[in-house]
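All remarks here apply to the structure that follows.
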Amino acid sequence: MEQLVAQAAHLLIALGGAYYLALWFALVVWTFQDIQTRTRSVIAQIFATLLVVLFSVPGALLYLLMRPRETLEEQYERALEEEYLIQDLETVGRCPHCRRPVQDDFQFCPYCRAPLKQLCIACGRLLSLDWPHCPYCGTRQPTEEGELTVQERRSPLEAVQRVLGRTPSGRQPERPLPEDEATTLPPGWSRSRRENEPDTSELPRA
């Protein structure tokens with residue numbers, strides 16, 4: 001009976017020792033891989049690995065307290081975000097060419113005359129130069145001078161007047177009457193949209 005208890009105790013001690021060795025080896029490998037992702041310093045990598053090799057689980061706990069909070073990848077991403085934020089802050093309210101302060105409603109830089117914004121070909125609102133479509137009316141904006149058609153080359157004022165249904169002179173465009181209504185007009189009256197104005201070209205002169 002005592003021999004069986006001794007064998008069982010030896011077996012438990014062997015299993016415990018094997019488990020401890022496996023845990024120790026896993027902690028050493030994990031520490032070495034983790035410290036490589038957090039710093040490029042060879043001295044710090046060797047120190048963290050030896051700390052776990054010599055003290056095992058307590059050394060791993062000490063390493064968790066002393067290791068850098070961010071990995072190298074997280075540090076790189078944070079640096080990129082900060083750089084983009086600084087660039088955005090520098091470009092807001094400044095000309096991209098001469099770097100002098102400008103206002104948001106400026107179409108050209110008052111110092112170097114560089115284009116800052118463009119006018120929508122349909123509604124005439126100020127747009128950024130890199131916007132392919134107008135956010136106000138949805139009209140596609142030409143990216144090159146060659147893409148402009150004859151109708152799109154008109155000034156923004158003419159574009160707005162065209163949307164409102166007016167001619168550049170400010171009057172409503174004349175529309176001819178249908179053919180069936182033209183036969184009912186009395187002689188001497190024109191076939192224009194202005195029904196109350198007679199055609200004076202056909203009246204006899206005094």
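In the structure tokens, chains take the letters A, B, ... in the order shown, each chain's residues start at 1, and ligands count up from 1 in the order shown.
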
Which of range 30-62 of chain A DSSP labels helix (DSSP H, G or I), written as a list in words =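 The helix (DSSP H, G or I) subset of range 30-62 of chain A is Trp30, Thr31, Phe32, Gln33, Asp34, Ile35, Gln36, Val42, Ile43, Ala44, Gln45, Ile46, Phe47, Ala48, Thr49, Leu50, Leu51, Val52, Val53, Leu54, Phe55, Ser56, Val57, Pro58, Gly59, Ala60, Leu61 and Leu62 of chain A.
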
So, counting only C-alpha atoms, which residue among A:Cys109, A:Ala60, A:Ala8, A:Cys134 is closest to Trp24 in chain A?
->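 Comparing A:Cys109, A:Ala60, A:Ala8, A:Cys134 against Trp24 in chain A, the winner is A:Ala60.
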
Looking at A:Gln7, A:Thr139, A:Ser128, A:Thr71, which one is nearest to Gln36 in chain A, with distances taken over only C-alpha atoms?
->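 Closest to Gln36 in chain A, using only C-alpha atoms: A:Thr71.
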
Smallest atom-to-atom distance to Ser56 in chain A: which of A:Glu74, A:His10, A:Leu21, A:Val42, using only C-alpha atoms?
-> A:Leu21
